[in-house]
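The data block below is start-v1.tsv; it holds TSV, N, CA and C atoms.
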```tsv
chain	number	residue	atom	x	y	z
L	1	MET	N	-83.26	-13.12	111.55
L	1	MET	CA	-83.28	-13.49	110.15
L	1	MET	C	-82.17	-14.51	109.91
L	2	LEU	N	-82.42	-15.44	109.01
L	2	LEU	CA	-81.49	-16.53	108.77
L	2	LEU	C	-80.75	-16.37	107.44
L	3	VAL	N	-79.64	-17.09	107.34
L	3	VAL	CA	-78.83	-17.07	106.11
L	3	VAL	C	-79.69	-17.43	104.90
L	4	ARG	N	-80.58	-18.38	105.02
L	4	ARG	CA	-81.41	-18.78	103.88
L	4	ARG	C	-82.26	-17.64	103.36
L	5	ASP	N	-82.56	-16.66	104.22
L	5	ASP	CA	-83.36	-15.50	103.82
L	5	ASP	C	-82.54	-14.48	103.03
L	6	ALA	N	-81.24	-14.53	103.15
L	6	ALA	CA	-80.37	-13.53	102.52
L	6	ALA	C	-79.52	-14.07	101.39
L	7	MET	N	-79.26	-15.36	101.40
L	7	MET	CA	-78.29	-15.93	100.45
L	7	MET	C	-78.80	-15.89	99.01
L	8	SER	N	-77.84	-15.88	98.11
L	8	SER	CA	-78.14	-16.06	96.69
L	8	SER	C	-78.12	-17.55	96.42
L	9	THR	N	-79.15	-18.04	95.76
L	9	THR	CA	-79.20	-19.47	95.45
L	9	THR	C	-78.60	-19.78	94.09
L	10	VAL	N	-78.22	-18.73	93.36
L	10	VAL	CA	-77.53	-18.92	92.09
L	10	VAL	C	-76.04	-19.01	92.42
L	11	VAL	N	-75.50	-20.20	92.29
L	11	VAL	CA	-74.10	-20.44	92.65
L	11	VAL	C	-73.30	-20.68	91.38
L	12	LEU	N	-72.35	-19.81	91.13
L	12	LEU	CA	-71.44	-20.00	90.01
L	12	LEU	C	-70.39	-21.01	90.44
L	13	THR	N	-70.32	-22.12	89.75
L	13	THR	CA	-69.34	-23.16	90.04
L	13	THR	C	-68.41	-23.30	88.85
L	14	ILE	N	-67.11	-23.26	89.12
L	14	ILE	CA	-66.10	-23.40	88.07
L	14	ILE	C	-65.16	-24.54	88.45
L	15	GLY	N	-64.37	-24.95	87.48
L	15	GLY	CA	-63.37	-25.98	87.73
L	15	GLY	C	-62.03	-25.38	88.06
L	16	PRO	N	-61.14	-26.16	88.59
L	16	PRO	CA	-59.82	-25.66	89.01
L	16	PRO	C	-58.94	-25.22	87.84
L	17	ASP	N	-59.25	-25.68	86.63
L	17	ASP	CA	-58.42	-25.33	85.48
L	17	ASP	C	-58.93	-24.13	84.69
L	18	HIS	N	-60.00	-23.51	85.14
L	18	HIS	CA	-60.42	-22.26	84.51
L	18	HIS	C	-59.30	-21.24	84.70
L	19	THR	N	-59.07	-20.42	83.70
L	19	THR	CA	-58.11	-19.33	83.88
L	19	THR	C	-58.77	-18.24	84.72
L	20	LEU	N	-57.96	-17.37	85.26
L	20	LEU	CA	-58.52	-16.26	86.02
L	20	LEU	C	-59.38	-15.36	85.13
L	21	ARG	N	-58.99	-15.20	83.87
L	21	ARG	CA	-59.79	-14.39	82.96
L	21	ARG	C	-61.16	-15.05	82.73
L	22	GLN	N	-61.17	-16.35	82.52
L	22	GLN	CA	-62.44	-17.05	82.34
L	22	GLN	C	-63.33	-16.91	83.58
L	23	ALA	N	-62.71	-17.08	84.74
L	23	ALA	CA	-63.46	-16.94	85.99
L	23	ALA	C	-64.01	-15.53	86.13
L	24	ALA	N	-63.18	-14.53	85.84
L	24	ALA	CA	-63.63	-13.14	85.94
L	24	ALA	C	-64.76	-12.84	84.96
L	25	ALA	N	-64.67	-13.38	83.75
L	25	ALA	CA	-65.73	-13.15	82.76
L	25	ALA	C	-67.05	-13.78	83.22
L	26	LEU	N	-66.99	-14.98	83.78
L	26	LEU	CA	-68.20	-15.64	84.27
L	26	LEU	C	-68.78	-14.89	85.47
L	27	MET	N	-67.91	-14.45	86.37
L	27	MET	CA	-68.38	-13.71	87.54
L	27	MET	C	-69.01	-12.39	87.11
L	28	SER	N	-68.40	-11.72	86.16
L	28	SER	CA	-68.93	-10.45	85.67
L	28	SER	C	-70.27	-10.65	84.98
L	29	ALA	N	-70.38	-11.67	84.14
L	29	ALA	CA	-71.62	-11.93	83.41
L	29	ALA	C	-72.77	-12.23	84.38
L	30	ARG	N	-72.46	-12.89	85.48
L	30	ARG	CA	-73.51	-13.25	86.45
L	30	ARG	C	-73.65	-12.23	87.57
L	31	ARG	N	-72.77	-11.23	87.53
L	31	ARG	CA	-72.79	-10.14	88.51
L	31	ARG	C	-72.66	-10.68	89.94
L	32	VAL	N	-71.64	-11.56	90.12
L	32	VAL	CA	-71.35	-12.11	91.44
L	32	VAL	C	-69.89	-11.83	91.78
L	33	GLY	N	-69.58	-11.83	93.05
L	33	GLY	CA	-68.23	-11.53	93.50
L	33	GLY	C	-67.41	-12.74	93.89
L	34	ALA	N	-67.98	-13.94	93.70
L	34	ALA	CA	-67.26	-15.15	94.08
L	34	ALA	C	-67.78	-16.33	93.29
L	35	ALA	N	-66.89	-17.29	93.11
L	35	ALA	CA	-67.25	-18.54	92.44
L	35	ALA	C	-66.81	-19.70	93.31
L	36	VAL	N	-67.66	-20.72	93.35
L	36	VAL	CA	-67.29	-21.95	94.03
L	36	VAL	C	-66.40	-22.73	93.08
L	37	VAL	N	-65.27	-23.21	93.59
L	37	VAL	CA	-64.35	-24.00	92.78
L	37	VAL	C	-64.47	-25.45	93.25
L	38	HIS	N	-64.95	-26.27	92.34
L	38	HIS	CA	-65.13	-27.69	92.67
L	38	HIS	C	-63.97	-28.45	92.04
L	39	ASP	N	-63.19	-29.08	92.87
L	39	ASP	CA	-62.03	-29.84	92.41
L	39	ASP	C	-62.15	-31.28	92.90
L	40	PRO	N	-62.73	-32.16	92.07
L	40	PRO	CA	-62.93	-33.54	92.52
L	40	PRO	C	-61.62	-34.27	92.80
L	41	ASP	N	-60.53	-33.88	92.12
L	41	ASP	CA	-59.24	-34.53	92.35
L	41	ASP	C	-58.64	-34.15	93.71
L	42	ALA	N	-58.90	-32.91	94.13
L	42	ALA	CA	-58.39	-32.47	95.43
L	42	ALA	C	-59.37	-32.81	96.53
L	43	GLY	N	-60.55	-33.28	96.16
L	43	GLY	CA	-61.52	-33.74	97.13
L	43	GLY	C	-62.21	-32.66	97.92
L	44	GLY	N	-62.49	-31.53	97.28
L	44	GLY	CA	-63.17	-30.52	98.07
L	44	GLY	C	-63.70	-29.36	97.27
L	45	ILE	N	-64.22	-28.44	98.05
L	45	ILE	CA	-64.82	-27.22	97.50
L	45	ILE	C	-64.00	-26.05	98.02
L	46	GLY	N	-63.71	-25.13	97.14
L	46	GLY	CA	-63.01	-23.91	97.51
L	46	GLY	C	-63.77	-22.71	96.98
L	47	ILE	N	-63.21	-21.53	97.20
L	47	ILE	CA	-63.85	-20.31	96.73
L	47	ILE	C	-62.81	-19.40	96.10
L	48	LEU	N	-63.18	-18.82	94.98
L	48	LEU	CA	-62.35	-17.83	94.28
L	48	LEU	C	-63.14	-16.54	94.27
L	49	THR	N	-62.55	-15.48	94.78
L	49	THR	CA	-63.26	-14.21	94.87
L	49	THR	C	-62.64	-13.16	93.96
L	50	GLU	N	-63.40	-12.09	93.79
L	50	GLU	CA	-62.89	-10.98	92.98
L	50	GLU	C	-61.58	-10.44	93.57
L	51	ARG	N	-61.44	-10.49	94.88
L	51	ARG	CA	-60.21	-10.03	95.53
L	51	ARG	C	-59.03	-10.92	95.15
L	52	ASP	N	-59.27	-12.25	95.04
L	52	ASP	CA	-58.21	-13.17	94.64
L	52	ASP	C	-57.71	-12.84	93.23
L	53	ILE	N	-58.64	-12.55	92.35
L	53	ILE	CA	-58.27	-12.20	90.97
L	53	ILE	C	-57.54	-10.87	90.94
L	54	LEU	N	-58.04	-9.89	91.68
L	54	LEU	CA	-57.41	-8.58	91.75
L	54	LEU	C	-55.98	-8.68	92.29
L	55	ASN	N	-55.79	-9.48	93.34
L	55	ASN	CA	-54.45	-9.65	93.91
L	55	ASN	C	-53.49	-10.27	92.90
L	56	ALA	N	-53.95	-11.26	92.14
L	56	ALA	CA	-53.09	-11.91	91.14
L	56	ALA	C	-52.69	-10.92	90.05
L	57	VAL	N	-53.65	-10.17	89.55
L	57	VAL	CA	-53.36	-9.19	88.50
L	57	VAL	C	-52.46	-8.09	89.05
L	58	GLY	N	-52.71	-7.67	90.29
L	58	GLY	CA	-51.87	-6.64	90.92
L	58	GLY	C	-50.43	-7.08	91.09
L	59	LEU	N	-50.21	-8.39	91.21
L	59	LEU	CA	-48.85	-8.92	91.31
L	59	LEU	C	-48.20	-9.13	89.95
L	60	GLY	N	-48.92	-8.79	88.89
L	60	GLY	CA	-48.37	-8.92	87.55
L	60	GLY	C	-48.56	-10.30	86.93
L	61	GLN	N	-49.38	-11.12	87.54
L	61	GLN	CA	-49.62	-12.46	86.99
L	61	GLN	C	-50.59	-12.36	85.82
L	62	ASP	N	-50.38	-13.21	84.84
L	62	ASP	CA	-51.17	-13.18	83.60
L	62	ASP	C	-52.50	-13.92	83.81
L	63	PRO	N	-53.64	-13.21	83.73
L	63	PRO	CA	-54.93	-13.86	83.95
L	63	PRO	C	-55.30	-14.87	82.87
L	64	ASP	N	-54.58	-14.86	81.74
L	64	ASP	CA	-54.83	-15.85	80.70
L	64	ASP	C	-54.05	-17.14	80.92
L	65	ILE	N	-53.12	-17.10	81.86
L	65	ILE	CA	-52.29	-18.28	82.14
L	65	ILE	C	-52.60	-18.85	83.53
L	66	GLU	N	-52.78	-17.96	84.50
L	66	GLU	CA	-53.02	-18.39	85.88
L	66	GLU	C	-54.33	-19.15	85.98
L	67	ARG	N	-54.29	-20.26	86.71
L	67	ARG	CA	-55.47	-21.13	86.88
L	67	ARG	C	-56.13	-20.88	88.23
L	68	ALA	N	-57.42	-21.11	88.27
L	68	ALA	CA	-58.20	-20.86	89.48
L	68	ALA	C	-57.64	-21.61	90.68
L	69	HIS	N	-57.21	-22.86	90.48
L	69	HIS	CA	-56.74	-23.67	91.62
L	69	HIS	C	-55.58	-23.03	92.36
L	70	ALA	N	-54.78	-22.25	91.66
L	70	ALA	CA	-53.62	-21.62	92.30
L	70	ALA	C	-54.02	-20.43	93.18
L	71	HIS	N	-55.25	-19.97	93.05
L	71	HIS	CA	-55.70	-18.78	93.78
L	71	HIS	C	-56.94	-19.03	94.63
L	72	THR	N	-57.34	-20.27	94.68
L	72	THR	CA	-58.55	-20.65	95.41
L	72	THR	C	-58.26	-20.80	96.89
L	73	THR	N	-59.17	-20.29	97.70
L	73	THR	CA	-59.11	-20.53	99.14
L	73	THR	C	-59.75	-21.88	99.40
L	74	THR	N	-58.98	-22.79	99.96
L	74	THR	CA	-59.50	-24.12	100.23
L	74	THR	C	-59.80	-24.34	101.71
L	75	ASP	N	-59.28	-23.47	102.56
L	75	ASP	CA	-59.56	-23.52	103.99
L	75	ASP	C	-60.81	-22.67	104.23
L	76	VAL	N	-61.96	-23.20	103.81
L	76	VAL	CA	-63.20	-22.43	103.74
L	76	VAL	C	-64.03	-22.61	105.00
L	77	VAL	N	-64.63	-21.52	105.44
L	77	VAL	CA	-65.63	-21.57	106.49
L	77	VAL	C	-66.98	-21.65	105.78
L	78	PHE	N	-67.75	-22.65	106.09
L	78	PHE	CA	-69.05	-22.85	105.46
L	78	PHE	C	-70.16	-22.44	106.43
L	79	ALA	N	-71.22	-21.87	105.88
L	79	ALA	CA	-72.41	-21.56	106.66
L	79	ALA	C	-73.47	-22.61	106.34
L	80	THR	N	-74.51	-22.64	107.14
L	80	THR	CA	-75.68	-23.47	106.85
L	80	THR	C	-76.86	-22.52	106.68
L	81	PRO	N	-77.90	-22.97	106.00
L	81	PRO	CA	-79.07	-22.10	105.80
L	81	PRO	C	-79.73	-21.63	107.09
L	82	VAL	N	-79.53	-22.36	108.19
L	82	VAL	CA	-80.20	-22.00	109.44
L	82	VAL	C	-79.32	-21.17	110.39
L	83	TRP	N	-78.12	-20.80	109.93
L	83	TRP	CA	-77.34	-19.85	110.71
L	83	TRP	C	-78.11	-18.53	110.75
L	84	THR	N	-77.95	-17.79	111.82
L	84	THR	CA	-78.49	-16.43	111.85
L	84	THR	C	-77.55	-15.53	111.05
L	85	LEU	N	-78.08	-14.39	110.62
L	85	LEU	CA	-77.21	-13.44	109.92
L	85	LEU	C	-76.12	-12.92	110.85
L	86	GLU	N	-76.41	-12.87	112.13
L	86	GLU	CA	-75.38	-12.46	113.10
L	86	GLU	C	-74.23	-13.46	113.12
L	87	GLU	N	-74.55	-14.75	113.06
L	87	GLU	CA	-73.50	-15.77	113.03
L	87	GLU	C	-72.67	-15.65	111.76
L	88	ALA	N	-73.32	-15.42	110.64
L	88	ALA	CA	-72.60	-15.27	109.37
L	88	ALA	C	-71.71	-14.03	109.41
L	89	ALA	N	-72.25	-12.92	109.89
L	89	ALA	CA	-71.46	-11.68	109.98
L	89	ALA	C	-70.27	-11.86	110.90
L	90	HIS	N	-70.47	-12.55	112.01
L	90	HIS	CA	-69.35	-12.81	112.94
L	90	HIS	C	-68.27	-13.65	112.26
L	91	ALA	N	-68.67	-14.70	111.54
L	91	ALA	CA	-67.69	-15.54	110.86
L	91	ALA	C	-66.91	-14.74	109.83
L	92	MET	N	-67.60	-13.87	109.10
L	92	MET	CA	-66.92	-13.05	108.09
L	92	MET	C	-65.96	-12.06	108.74
L	93	THR	N	-66.41	-11.41	109.79
L	93	THR	CA	-65.56	-10.44	110.48
L	93	THR	C	-64.35	-11.13	111.10
L	94	HIS	N	-64.58	-12.24	111.76
L	94	HIS	CA	-63.49	-12.99	112.41
L	94	HIS	C	-62.49	-13.53	111.38
L	95	GLY	N	-62.99	-14.00	110.24
L	95	GLY	CA	-62.11	-14.59	109.22
L	95	GLY	C	-61.55	-13.61	108.22
L	96	GLY	N	-62.09	-12.40	108.17
L	96	GLY	CA	-61.59	-11.38	107.25
L	96	GLY	C	-61.97	-11.64	105.80
L	97	PHE	N	-63.18	-12.16	105.57
L	97	PHE	CA	-63.63	-12.41	104.21
L	97	PHE	C	-65.06	-11.89	104.05
L	98	ARG	N	-65.52	-11.82	102.78
L	98	ARG	CA	-66.81	-11.20	102.49
L	98	ARG	C	-67.85	-12.15	101.92
L	99	HIS	N	-67.51	-13.42	101.75
L	99	HIS	CA	-68.44	-14.40	101.19
L	99	HIS	C	-68.37	-15.69	101.99
L	100	LEU	N	-69.52	-16.33	102.15
L	100	LEU	CA	-69.60	-17.65	102.77
L	100	LEU	C	-70.36	-18.57	101.83
L	101	ILE	N	-69.79	-19.74	101.58
L	101	ILE	CA	-70.52	-20.76	100.85
L	101	ILE	C	-71.50	-21.39	101.83
L	102	VAL	N	-72.74	-21.54	101.41
L	102	VAL	CA	-73.77	-22.13	102.25
L	102	VAL	C	-73.96	-23.58	101.82
L	103	LEU	N	-73.74	-24.49	102.77
L	103	LEU	CA	-73.90	-25.91	102.49
L	103	LEU	C	-75.19	-26.42	103.12
L	104	ASP	N	-75.89	-27.23	102.34
L	104	ASP	CA	-77.07	-27.92	102.83
L	104	ASP	C	-76.89	-29.39	102.45
L	105	ARG	N	-76.78	-30.25	103.46
L	105	ARG	CA	-76.51	-31.68	103.25
L	105	ARG	C	-75.20	-31.88	102.47
L	106	ASP	N	-74.19	-31.14	102.83
L	106	ASP	CA	-72.85	-31.22	102.24
L	106	ASP	C	-72.79	-30.81	100.77
L	107	GLU	N	-73.81	-30.11	100.27
L	107	GLU	CA	-73.82	-29.63	98.90
L	107	GLU	C	-73.98	-28.11	98.91
L	108	PRO	N	-73.29	-27.38	98.00
L	108	PRO	CA	-73.48	-25.93	97.93
L	108	PRO	C	-74.93	-25.58	97.61
L	109	ALA	N	-75.54	-24.81	98.49
L	109	ALA	CA	-76.94	-24.39	98.31
L	109	ALA	C	-77.04	-22.91	97.98
L	110	GLY	N	-75.95	-22.19	98.21
L	110	GLY	CA	-75.96	-20.76	97.96
L	110	GLY	C	-74.69	-20.12	98.44
L	111	ILE	N	-74.65	-18.80	98.27
L	111	ILE	CA	-73.56	-17.98	98.79
L	111	ILE	C	-74.20	-16.78	99.46
L	112	VAL	N	-73.67	-16.42	100.60
L	112	VAL	CA	-74.13	-15.21	101.28
L	112	VAL	C	-72.94	-14.27	101.37
L	113	SER	N	-73.18	-13.02	101.05
L	113	SER	CA	-72.13	-12.01	101.07
L	113	SER	C	-72.45	-10.93	102.09
L	114	VAL	N	-71.46	-10.12	102.37
L	114	VAL	CA	-71.67	-8.98	103.26
L	114	VAL	C	-72.79	-8.11	102.69
L	115	ARG	N	-72.79	-7.92	101.39
L	115	ARG	CA	-73.82	-7.09	100.75
L	115	ARG	C	-75.22	-7.68	100.99
L	116	ASP	N	-75.34	-9.01	100.91
L	116	ASP	CA	-76.62	-9.66	101.16
L	116	ASP	C	-77.11	-9.36	102.58
L	117	ILE	N	-76.20	-9.44	103.52
L	117	ILE	CA	-76.55	-9.19	104.93
L	117	ILE	C	-76.97	-7.74	105.12
L	118	ILE	N	-76.23	-6.83	104.53
L	118	ILE	CA	-76.56	-5.41	104.66
L	118	ILE	C	-77.94	-5.12	104.08
L	119	ARG	N	-78.25	-5.74	102.94
L	119	ARG	CA	-79.58	-5.55	102.35
L	119	ARG	C	-80.69	-5.95	103.32
L	120	CYS	N	-80.45	-7.03	104.03
L	120	CYS	CA	-81.47	-7.49	104.99
L	120	CYS	C	-81.55	-6.61	106.22
L	121	TRP	N	-80.42	-6.07	106.65
L	121	TRP	CA	-80.41	-5.27	107.86
L	121	TRP	C	-80.77	-3.81	107.62
L	122	ALA	N	-80.53	-3.30	106.42
L	122	ALA	CA	-80.78	-1.88	106.14
L	122	ALA	C	-82.27	-1.61	106.19
L	123	PRO	N	-82.64	-0.53	106.83
L	123	PRO	CA	-84.07	-0.20	106.87
L	123	PRO	C	-84.56	0.14	105.46
L	124	HIS	N	-85.77	-0.29	105.18
L	124	HIS	CA	-86.35	0.01	103.88
L	124	HIS	C	-86.68	1.50	103.82
L	125	ARG	N	-86.33	2.12	102.72
L	125	ARG	CA	-86.63	3.54	102.56
L	125	ARG	C	-88.12	3.71	102.29
L	126	GLN	N	-88.69	4.64	102.98
L	126	GLN	CA	-90.09	4.93	102.76
L	126	GLN	C	-90.20	6.17	101.91
L	127	ARG	N	-91.16	6.13	100.99
L	127	ARG	CA	-91.40	7.30	100.15
L	127	ARG	C	-92.07	8.38	100.99
L	128	VAL	N	-91.53	9.55	100.89
L	128	VAL	CA	-92.10	10.68	101.59
L	128	VAL	C	-92.99	11.42	100.61
L	129	PRO	N	-94.27	11.62	100.96
L	129	PRO	CA	-95.16	12.33	100.03
L	129	PRO	C	-94.65	13.73	99.74
L	130	ALA	N	-94.77	14.13	98.49
L	130	ALA	CA	-94.29	15.47	98.10
L	130	ALA	C	-95.29	16.54	98.44
```

Could you show the structure in this file as structure tokens?
Amino acid sequence: MLVRDAMSTVVLTIGPDHTLRQAAALMSARRVGAAVVHDPDAGGIGILTERDILNAVGLGQDPDIERAHAHTTTDVVFATPVWTLEEAAHAMTHGGFRHLIVLDRDEPAGIVSVRDIIRCWAPHRQRVPA
């Protein structure tokens, strides 16, 4: 099975100047655990995850003041739609993260998470007749 079969094609993209609270509200509303941070001035794409927000709040930082760019991972490992789920899982395990931005022709095409991979690998439950 390939990344394209598991990835979410709904990609939440935010700017570097969003506050952590704004990012968290958008992530919560869309029920996603990560947002792509597009920073044209820095020349790249990064990722802000729920863990990044949790770490900032846990350190006592104010989510109404802290900006996404200060908490964004910019050293990102990108997947492609034709990676196998095994390749994606290996990259996540090796890198210690739970989300991969999927690029197609250098543009974000989706995000694949550990949860997405588990859904694909978990056996479908069969109804047992009563």

* **Filtered DSSP result for range 9-127 of chain L, state alpha helix (DSSP H), as a PyMOL selection string** => chain L and resi 20-30+50-58+85-95+114-121

Would you mind listing, for every residue of range 2-32 of chain L within 6 Å of range 56-70 of chain L, the two atoms forming the shortest contact and the distance between them in Å to one decimal, using all atoms listed in the file, sorted by chain and ascending residue number, as CSV?
```
residue,atom,partner,partner_atom,distance
L:Gly15,C,L:His69,N,6.0
L:Pro16,C,L:His69,N,3.9
L:Asp17,C,L:Ala68,N,4.9
L:His18,C,L:Ala68,N,4.0
L:Thr19,CA,L:Glu66,C,4.3
L:Leu20,N,L:Glu66,C,4.1
L:Arg21,N,L:Pro63,C,3.8
```

* Asked: Looking at L:Val102, L:Ala91, L:Met1, L:Ile45, which one is nearest to Asp75 in chain L, with distances taken over only N, CA and C atoms?
  -> L:Ile45

* To do: Find the residues around Ala79 in chain L up to 5 Å (only N, CA and C atoms counted), leave out those fewer than 2 positions away in its own chain, and share them as an MDAnalysis selection string.
  => chainID L and resid 77 81 101:103

* Asked: Which distance in Å separates CA of Ala88 in chain L and CA of Val112 in chain L, to one decimal?
  -> 8.2 Å

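Here CA of Met7 in chain L stands at a distance of 15.5 Å from CA of Phe97 in chain L.
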
* To do: In Å, rounded to a single decimal, give me how far atom N of Leu12 in chain L is from atom N of Asn55 in chain L.
  => 19.6 Å
